[in-house]
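So this one's target35.txt, compact mmCIF, N, CA and C atoms:
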# COMPACT_ATOMS: atom_id res chain seq x y z
N GLN A 1266 0.84 -1.18 0.00
CA GLN A 1266 0.00 0.00 0.00
C GLN A 1266 0.88 1.24 0.00
N VAL A 1267 0.52 2.19 -0.82
CA VAL A 1267 1.31 3.41 -0.95
C VAL A 1267 0.90 4.40 0.12
N GLN A 1268 1.89 5.01 0.73
CA GLN A 1268 1.64 6.09 1.68
C GLN A 1268 2.52 7.27 1.33
N LEU A 1269 1.98 8.45 1.51
CA LEU A 1269 2.74 9.69 1.33
C LEU A 1269 2.85 10.38 2.68
N VAL A 1270 4.05 10.78 3.03
CA VAL A 1270 4.27 11.45 4.30
C VAL A 1270 4.96 12.78 4.05
N GLU A 1271 4.26 13.85 4.40
CA GLU A 1271 4.85 15.18 4.27
C GLU A 1271 5.56 15.56 5.57
N SER A 1272 6.58 16.35 5.42
CA SER A 1272 7.30 16.87 6.58
C SER A 1272 7.96 18.19 6.20
N GLY A 1273 8.46 18.89 7.21
CA GLY A 1273 9.20 20.12 6.95
C GLY A 1273 8.43 21.38 7.25
N GLY A 1274 7.15 21.25 7.58
CA GLY A 1274 6.37 22.43 7.91
C GLY A 1274 6.81 23.01 9.25
N GLY A 1275 6.28 24.19 9.55
CA GLY A 1275 6.61 24.82 10.82
C GLY A 1275 6.25 26.29 10.81
N LEU A 1276 6.78 26.99 11.80
CA LEU A 1276 6.54 28.42 11.96
C LEU A 1276 7.79 29.17 11.51
N VAL A 1277 7.61 30.16 10.67
CA VAL A 1277 8.74 30.93 10.16
C VAL A 1277 8.31 32.38 10.00
N GLN A 1278 9.26 33.27 10.12
CA GLN A 1278 8.95 34.69 9.94
C GLN A 1278 8.84 35.04 8.46
N SER A 1279 8.12 36.09 8.19
CA SER A 1279 8.00 36.58 6.82
C SER A 1279 9.38 36.83 6.22
N GLY A 1280 9.58 36.35 5.00
CA GLY A 1280 10.87 36.46 4.34
C GLY A 1280 11.75 35.25 4.53
N GLY A 1281 11.33 34.34 5.39
CA GLY A 1281 12.12 33.15 5.67
C GLY A 1281 11.88 32.04 4.66
N SER A 1282 12.49 30.90 4.94
CA SER A 1282 12.42 29.75 4.03
C SER A 1282 12.07 28.47 4.77
N LEU A 1283 11.45 27.57 4.06
CA LEU A 1283 11.20 26.22 4.54
C LEU A 1283 11.34 25.28 3.35
N ARG A 1284 11.67 24.02 3.64
CA ARG A 1284 11.67 23.01 2.60
C ARG A 1284 10.76 21.87 3.04
N LEU A 1285 9.73 21.65 2.27
CA LEU A 1285 8.81 20.55 2.53
C LEU A 1285 9.26 19.31 1.78
N SER A 1286 9.00 18.16 2.38
CA SER A 1286 9.31 16.88 1.75
C SER A 1286 8.06 16.03 1.68
N CYS A 1287 7.95 15.28 0.62
CA CYS A 1287 6.86 14.31 0.45
C CYS A 1287 7.52 12.99 0.12
N ALA A 1288 7.55 12.10 1.10
CA ALA A 1288 8.21 10.81 0.93
C ALA A 1288 7.18 9.73 0.68
N ALA A 1289 7.41 8.94 -0.36
CA ALA A 1289 6.48 7.88 -0.71
C ALA A 1289 7.03 6.53 -0.27
N SER A 1290 6.15 5.72 0.27
CA SER A 1290 6.52 4.35 0.60
C SER A 1290 5.56 3.41 -0.11
N GLY A 1291 6.05 2.20 -0.38
CA GLY A 1291 5.23 1.26 -1.12
C GLY A 1291 5.59 1.27 -2.58
N THR A 1292 4.93 0.42 -3.32
CA THR A 1292 5.24 0.25 -4.74
C THR A 1292 4.30 1.08 -5.59
N MET A 1293 4.90 1.93 -6.41
CA MET A 1293 4.12 2.73 -7.34
C MET A 1293 4.37 2.23 -8.75
N LYS A 1294 3.40 2.42 -9.59
CA LYS A 1294 3.52 1.94 -10.97
C LYS A 1294 4.10 3.02 -11.86
N SER A 1295 3.28 3.78 -12.47
CA SER A 1295 3.75 4.83 -13.37
C SER A 1295 3.19 6.17 -12.89
N ILE A 1296 4.08 6.95 -12.30
CA ILE A 1296 3.64 8.25 -11.78
C ILE A 1296 3.55 9.25 -12.91
N ILE A 1297 2.41 9.90 -12.99
CA ILE A 1297 2.24 10.95 -13.99
C ILE A 1297 2.76 12.27 -13.43
N SER A 1298 2.36 12.57 -12.22
CA SER A 1298 2.76 13.85 -11.64
C SER A 1298 2.66 13.80 -10.12
N THR A 1299 3.38 14.70 -9.49
CA THR A 1299 3.27 14.94 -8.06
C THR A 1299 2.99 16.42 -7.88
N THR A 1300 2.00 16.70 -7.07
CA THR A 1300 1.54 18.08 -6.90
C THR A 1300 1.52 18.46 -5.43
N TRP A 1301 1.92 19.68 -5.15
CA TRP A 1301 1.71 20.27 -3.83
C TRP A 1301 0.48 21.17 -3.91
N TYR A 1302 -0.47 20.91 -3.02
CA TYR A 1302 -1.62 21.77 -2.85
C TYR A 1302 -1.53 22.42 -1.47
N ARG A 1303 -2.29 23.47 -1.27
CA ARG A 1303 -2.39 24.04 0.05
C ARG A 1303 -3.83 24.47 0.31
N GLN A 1304 -4.15 24.47 1.58
CA GLN A 1304 -5.50 24.86 2.00
C GLN A 1304 -5.36 25.78 3.19
N GLY A 1305 -5.77 27.03 2.99
CA GLY A 1305 -5.68 28.02 4.04
C GLY A 1305 -6.97 28.15 4.82
N LEU A 1306 -7.09 29.23 5.57
CA LEU A 1306 -8.26 29.43 6.43
C LEU A 1306 -9.54 29.53 5.63
N GLU A 1307 -9.44 30.01 4.41
CA GLU A 1307 -10.65 30.14 3.59
C GLU A 1307 -11.12 28.80 3.09
N MET A 1308 -10.34 27.75 3.37
CA MET A 1308 -10.71 26.36 3.09
C MET A 1308 -10.76 26.04 1.60
N ARG A 1309 -10.18 26.87 0.78
CA ARG A 1309 -10.11 26.59 -0.66
C ARG A 1309 -8.78 25.91 -0.95
N ARG A 1310 -8.82 24.78 -1.62
CA ARG A 1310 -7.59 24.07 -1.93
C ARG A 1310 -6.99 24.63 -3.21
N GLU A 1311 -5.74 25.02 -3.11
CA GLU A 1311 -5.07 25.71 -4.21
C GLU A 1311 -3.87 24.92 -4.68
N LEU A 1312 -3.72 24.77 -5.98
CA LEU A 1312 -2.52 24.13 -6.53
C LEU A 1312 -1.34 25.09 -6.35
N VAL A 1313 -0.26 24.57 -5.79
CA VAL A 1313 0.93 25.39 -5.55
C VAL A 1313 1.98 25.11 -6.62
N ALA A 1314 2.33 23.83 -6.78
CA ALA A 1314 3.36 23.46 -7.74
C ALA A 1314 3.18 22.00 -8.13
N ARG A 1315 3.63 21.69 -9.34
CA ARG A 1315 3.48 20.33 -9.86
C ARG A 1315 4.73 19.95 -10.65
N ILE A 1316 5.12 18.70 -10.52
CA ILE A 1316 6.22 18.19 -11.33
C ILE A 1316 5.75 16.93 -12.04
N PHE A 1317 5.96 16.88 -13.34
CA PHE A 1317 5.55 15.74 -14.14
C PHE A 1317 6.68 14.72 -14.26
N TRP A 1318 6.35 13.54 -14.77
CA TRP A 1318 7.35 12.48 -14.90
C TRP A 1318 8.45 12.90 -15.88
N THR A 1319 8.16 13.88 -16.70
CA THR A 1319 9.15 14.40 -17.64
C THR A 1319 10.04 15.46 -17.00
N ASP A 1320 9.80 15.77 -15.73
CA ASP A 1320 10.49 16.83 -14.99
C ASP A 1320 10.01 18.23 -15.36
N THR A 1321 9.01 18.29 -16.18
CA THR A 1321 8.37 19.58 -16.42
C THR A 1321 7.70 20.05 -15.13
N THR A 1322 7.78 21.33 -14.86
CA THR A 1322 7.18 21.87 -13.64
C THR A 1322 6.21 22.99 -13.98
N GLU A 1323 5.29 23.20 -13.08
CA GLU A 1323 4.40 24.34 -13.20
C GLU A 1323 4.08 24.88 -11.81
N TYR A 1324 3.79 26.17 -11.76
CA TYR A 1324 3.58 26.85 -10.48
C TYR A 1324 2.38 27.77 -10.58
N SER A 1325 1.77 27.99 -9.42
CA SER A 1325 0.75 29.02 -9.38
C SER A 1325 1.43 30.38 -9.47
N ASP A 1326 0.71 31.36 -9.96
CA ASP A 1326 1.29 32.70 -10.11
C ASP A 1326 1.72 33.26 -8.75
N SER A 1327 1.03 32.87 -7.70
CA SER A 1327 1.30 33.44 -6.39
C SER A 1327 2.65 32.98 -5.81
N VAL A 1328 3.19 31.89 -6.31
CA VAL A 1328 4.46 31.38 -5.76
C VAL A 1328 5.59 31.37 -6.78
N LYS A 1329 5.28 31.68 -8.02
CA LYS A 1329 6.29 31.64 -9.07
C LYS A 1329 7.46 32.55 -8.72
N GLY A 1330 8.66 32.03 -8.85
CA GLY A 1330 9.86 32.79 -8.53
C GLY A 1330 10.28 32.68 -7.08
N ARG A 1331 9.42 32.14 -6.23
CA ARG A 1331 9.76 31.98 -4.81
C ARG A 1331 9.87 30.52 -4.41
N PHE A 1332 9.06 29.66 -5.02
CA PHE A 1332 9.03 28.24 -4.66
C PHE A 1332 9.63 27.42 -5.80
N THR A 1333 10.25 26.30 -5.41
CA THR A 1333 10.82 25.39 -6.40
C THR A 1333 10.46 23.96 -6.03
N ILE A 1334 9.89 23.24 -6.98
CA ILE A 1334 9.57 21.84 -6.76
C ILE A 1334 10.64 20.99 -7.44
N SER A 1335 11.03 19.92 -6.77
CA SER A 1335 12.04 19.03 -7.33
C SER A 1335 11.79 17.62 -6.79
N ARG A 1336 12.48 16.65 -7.36
CA ARG A 1336 12.28 15.28 -6.89
C ARG A 1336 13.59 14.51 -6.90
N ASP A 1337 13.61 13.50 -6.04
CA ASP A 1337 14.72 12.56 -5.97
C ASP A 1337 14.13 11.18 -6.18
N ASN A 1338 14.28 10.65 -7.39
CA ASN A 1338 13.66 9.36 -7.69
C ASN A 1338 14.21 8.24 -6.82
N GLY A 1339 15.48 8.34 -6.48
CA GLY A 1339 16.09 7.28 -5.69
C GLY A 1339 15.43 7.10 -4.33
N SER A 1340 15.08 8.21 -3.71
CA SER A 1340 14.46 8.14 -2.40
C SER A 1340 12.94 8.29 -2.47
N LYS A 1341 12.41 8.39 -3.68
CA LYS A 1341 10.96 8.57 -3.89
C LYS A 1341 10.44 9.74 -3.07
N THR A 1342 11.15 10.84 -3.16
CA THR A 1342 10.79 12.03 -2.40
C THR A 1342 10.67 13.23 -3.33
N VAL A 1343 9.64 14.01 -3.09
CA VAL A 1343 9.47 15.27 -3.82
C VAL A 1343 9.59 16.40 -2.81
N TYR A 1344 10.29 17.44 -3.20
CA TYR A 1344 10.55 18.57 -2.32
C TYR A 1344 9.86 19.82 -2.82
N LEU A 1345 9.58 20.69 -1.88
CA LEU A 1345 9.09 22.03 -2.21
C LEU A 1345 9.92 23.02 -1.42
N GLN A 1346 10.85 23.66 -2.10
CA GLN A 1346 11.66 24.70 -1.46
C GLN A 1346 10.89 26.00 -1.53
N MET A 1347 10.65 26.58 -0.37
CA MET A 1347 9.84 27.80 -0.29
C MET A 1347 10.69 28.92 0.27
N ASN A 1348 10.93 29.92 -0.53
CA ASN A 1348 11.74 31.07 -0.12
C ASN A 1348 10.88 32.32 -0.11
N TYR A 1349 11.38 33.34 0.59
CA TYR A 1349 10.66 34.63 0.66
C TYR A 1349 9.20 34.42 1.05
N LEU A 1350 9.00 33.65 2.09
CA LEU A 1350 7.65 33.32 2.52
C LEU A 1350 6.91 34.55 3.00
N LYS A 1351 5.60 34.54 2.76
CA LYS A 1351 4.71 35.64 3.13
C LYS A 1351 3.62 35.11 4.05
N PRO A 1352 3.01 35.97 4.85
CA PRO A 1352 1.91 35.51 5.71
C PRO A 1352 0.80 34.82 4.92
N GLU A 1353 0.55 35.25 3.71
CA GLU A 1353 -0.50 34.63 2.91
C GLU A 1353 -0.14 33.23 2.42
N ASP A 1354 1.08 32.79 2.65
CA ASP A 1354 1.47 31.41 2.35
C ASP A 1354 1.06 30.46 3.47
N THR A 1355 0.57 31.01 4.56
CA THR A 1355 0.14 30.18 5.69
C THR A 1355 -0.99 29.24 5.25
N ALA A 1356 -0.80 27.96 5.46
CA ALA A 1356 -1.77 26.95 5.04
C ALA A 1356 -1.29 25.57 5.46
N ILE A 1357 -2.17 24.61 5.27
CA ILE A 1357 -1.75 23.20 5.35
C ILE A 1357 -1.36 22.80 3.93
N TYR A 1358 -0.18 22.23 3.79
CA TYR A 1358 0.33 21.83 2.48
C TYR A 1358 0.21 20.32 2.33
N TYR A 1359 -0.38 19.92 1.21
CA TYR A 1359 -0.64 18.51 0.94
C TYR A 1359 0.12 18.06 -0.30
N CYS A 1360 0.56 16.84 -0.25
CA CYS A 1360 1.21 16.21 -1.39
C CYS A 1360 0.20 15.28 -2.06
N TYR A 1361 0.18 15.29 -3.38
CA TYR A 1361 -0.77 14.49 -4.15
C TYR A 1361 -0.02 13.84 -5.31
N VAL A 1362 -0.19 12.54 -5.44
CA VAL A 1362 0.45 11.80 -6.52
C VAL A 1362 -0.60 11.18 -7.41
N ARG A 1363 -0.42 11.34 -8.70
CA ARG A 1363 -1.33 10.73 -9.66
C ARG A 1363 -0.56 9.72 -10.50
N GLU A 1364 -1.15 8.51 -10.59
CA GLU A 1364 -0.56 7.46 -11.39
C GLU A 1364 -1.43 7.16 -12.61
N LEU A 1365 -0.87 6.41 -13.55
CA LEU A 1365 -1.66 5.94 -14.68
C LEU A 1365 -2.82 5.10 -14.16
N GLY A 1366 -3.92 5.17 -14.89
CA GLY A 1366 -5.09 4.41 -14.49
C GLY A 1366 -5.94 5.15 -13.47
N ASP A 1367 -5.74 6.47 -13.40
CA ASP A 1367 -6.54 7.31 -12.48
C ASP A 1367 -6.40 6.87 -11.03
N ILE A 1368 -5.22 6.43 -10.67
CA ILE A 1368 -4.94 6.08 -9.28
C ILE A 1368 -4.28 7.30 -8.64
N ASP A 1369 -4.72 7.67 -7.46
CA ASP A 1369 -4.11 8.82 -6.81
C ASP A 1369 -3.98 8.61 -5.31
N TYR A 1370 -3.10 9.39 -4.73
CA TYR A 1370 -2.80 9.30 -3.30
C TYR A 1370 -2.65 10.70 -2.74
N TRP A 1371 -3.06 10.85 -1.48
CA TRP A 1371 -2.89 12.11 -0.76
C TRP A 1371 -2.08 11.86 0.51
N GLY A 1372 -1.29 12.85 0.86
CA GLY A 1372 -0.62 12.80 2.15
C GLY A 1372 -1.53 13.41 3.20
N GLN A 1373 -1.04 13.41 4.44
CA GLN A 1373 -1.86 13.88 5.55
C GLN A 1373 -1.76 15.38 5.76
N GLY A 1374 -0.79 16.00 5.11
CA GLY A 1374 -0.64 17.45 5.22
C GLY A 1374 0.38 17.86 6.25
N THR A 1375 0.98 19.02 6.02
CA THR A 1375 1.92 19.60 6.98
C THR A 1375 1.62 21.10 7.08
N GLN A 1376 1.60 21.60 8.30
CA GLN A 1376 1.20 22.99 8.53
C GLN A 1376 2.39 23.93 8.32
N VAL A 1377 2.14 24.97 7.56
CA VAL A 1377 3.12 26.04 7.38
C VAL A 1377 2.48 27.32 7.89
N THR A 1378 3.15 27.99 8.82
CA THR A 1378 2.66 29.24 9.38
C THR A 1378 3.74 30.30 9.21
N VAL A 1379 3.36 31.40 8.57
CA VAL A 1379 4.30 32.49 8.34
C VAL A 1379 3.82 33.70 9.12
N SER A 1380 4.64 34.16 10.05
CA SER A 1380 4.27 35.32 10.86
C SER A 1380 4.74 36.60 10.20
N ALA A 1381 3.99 37.66 10.46
CA ALA A 1381 4.32 38.95 9.83
C ALA A 1381 5.55 39.59 10.47

As structure tokens - that is how I would like this structure written.
Amino acid sequence: QVQLVESGGGLVQSGGSLRLSCAASGTMKSIISTTWYRQGLEMRRELVARIFWTDTTEYSDSVKGRFTISRDNGSKTVYLQMNYLKPEDTAIYYCYVRELGDIDYWGQGTQVTVSA
């Protein structure tokens, strides 16, 4: 059974940095993409960044130039480097993996809090 475990969240001051990790355990078949979503107080889930199996990446406009998504296939881990954090980045960050055959997995989330 596949499990995704996020880590790296925490409390940081505005302008600071954090690196989130999404570690996968279990056997995966063909991963199409891994996505970081976030859900803030307004409870709307927002796509933050995505990396495809081709290593193509995409970002929301709100984080472009500040966040970087990357992966380490050997350790089955996807990272989200977050720099120049702002209070509006405060949210629970979730990792989502999509495989061929419409199979998907969610992590449990990690809290990121940015103080002004």

Among A:Leu1285, A:Val1379, A:Ile1316, A:Ile1357, Thr1300 of chain A is approached most closely, using only N, CA and C atoms, by A:Ile1316

Please tell me which residues are no farther than 8 Å from (-3.8, 15.0, -7.7) in the file, counting only N, CA and C atoms, and write them as a list of chain:residue names.
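Residues found, by chain and rising number: A:Ser1298, A:Thr1299, A:Thr1300, A:Trp1301, A:Cys1360, A:Tyr1361, A:Val1362, A:Arg1363, A:Glu1364, A:Ile1368, A:Asp1369, A:Tyr1370, A:Trp1371.
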
Dig up all the protein and nucleic acid residues within 12 Å of (6.3, 10.9, 5.8) in the file frame, using only C-alpha atoms, and format them as a list in words.
Val1267, Gln1268, Leu1269, Val1270, Glu1271, Ser1272, Gly1273, Gly1274, Leu1285, Ser1286, Cys1287, Ala1288, Ala1289, Ser1290, Gly1291, Ser1340, Lys1341, Thr1342, Val1343, Tyr1344, Tyr1359, Cys1360, Trp1371, Gly1372, Gln1373, Gly1374 and Thr1375 of chain A

Just want the 6.5 Å neighbourhood of Asn1348 of chain A, counted on all atoms listed in the file, with same-chain residues fewer than 4 positions away dropped. Output as a PDB file with N, CA and C atoms, keeping the file's coordinate frame.
ATOM      1  N   GLY A1280       9.580  36.350   5.000  1.00  0.00           N
ATOM      2  CA  GLY A1280      10.870  36.460   4.340  1.00  0.00           C
ATOM      3  C   GLY A1280      11.750  35.250   4.530  1.00  0.00           C
ATOM      4  N   GLY A1281      11.330  34.340   5.390  1.00  0.00           N
ATOM      5  CA  GLY A1281      12.120  33.150   5.670  1.00  0.00           C
ATOM      6  C   GLY A1281      11.880  32.040   4.660  1.00  0.00           C
ATOM      7  N   SER A1282      12.490  30.900   4.940  1.00  0.00           N
ATOM      8  CA  SER A1282      12.420  29.750   4.030  1.00  0.00           C
ATOM      9  C   SER A1282      12.070  28.470   4.770  1.00  0.00           C
ATOM     10  N   LEU A1283      11.450  27.570   4.060  1.00  0.00           N
ATOM     11  CA  LEU A1283      11.200  26.220   4.540  1.00  0.00           C
ATOM     12  C   LEU A1283      11.340  25.280   3.350  1.00  0.00           C
ATOM     13  N   ARG A1331       9.420  32.140  -6.230  1.00  0.00           N
ATOM     14  CA  ARG A1331       9.760  31.980  -4.810  1.00  0.00           C
ATOM     15  C   ARG A1331       9.870  30.520  -4.410  1.00  0.00           C
ATOM     16  N   PHE A1332       9.060  29.660  -5.020  1.00  0.00           N
ATOM     17  CA  PHE A1332       9.030  28.240  -4.660  1.00  0.00           C
ATOM     18  C   PHE A1332       9.630  27.420  -5.800  1.00  0.00           C
ATOM     19  N   THR A1333      10.250  26.300  -5.410  1.00  0.00           N
ATOM     20  CA  THR A1333      10.820  25.390  -6.400  1.00  0.00           C
ATOM     21  C   THR A1333      10.460  23.960  -6.030  1.00  0.00           C
TER      22      THR A1333
END

Record the distance separating atom CA of Leu1306 of chain A and atom CA of Ala1356 of chain A, expressed in Å with one decimal.
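Interatomic distance, atom CA of Leu1306 of chain A to atom CA of Ala1356 of chain A: 7.1 Å.
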
Using DSSP on the backbone coordinates, identify all residues within chain A classified as strand (DSSP E); present the result as a VMD selection string.
chain A and resid 1268 to 1272 1275 to 1278 1283 to 1290 1296 to 1304 1310 to 1317 1322 to 1324 1332 to 1337 1342 to 1347 1356 to 1364 1368 to 1371 1375 to 1380

With distances taken over only C-alpha atoms, which residue among A:Gln1266, A:Thr1319, A:Gln1278, A:Gly1305 lies nearest Tyr1349 of chain A?
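Going through A:Gln1266, A:Thr1319, A:Gln1278, A:Gly1305 one by one, the smallest distance to Tyr1349 of chain A is for A:Gln1278.
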
Figure out the distance between atom CA of Gln1376 of chain A and atom CA of Phe1317 of chain A, please, to one decimal in Å.
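Going from atom CA of Phe1317 of chain A over to atom CA of Gln1376 of chain A, I get 24.2 Å.
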
Residue among A:Arg1284, A:Val1377, A:Gly1366, A:Arg1309 lying closest to Asp1354 of chain A, counting only N, CA and C atoms:
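For Asp1354 of chain A, the nearest of the candidates is A:Val1377.
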
For a quick check of understanding, using only C-alpha atoms, which of A:Met1293, A:Tyr1358, A:Pro1352, A:Leu1345 has the smallest distance to Glu1311 of chain A?
A:Tyr1358

Separation of atom C of Met1308 of chain A from atom C of Tyr1324 of chain A, in Å and rounded to one decimal
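Interatomic distance here is 18.0 Å.
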
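Of the residues listed (A:Gln1304, A:Ser1335, A:Arg1310, A:Thr1292), A:Ser1335 shows the shortest atom-to-atom separation from Thr1322 of chain A; distances use only C-alpha atoms.
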
Among listed residues A:Asn1338, A:Leu1312, A:Val1277, A:Arg1303, nearest Asp1326 of chain A (using only C-alpha atoms):
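Of the candidates, the smallest distance to Asp1326 of chain A is held by A:Leu1312.
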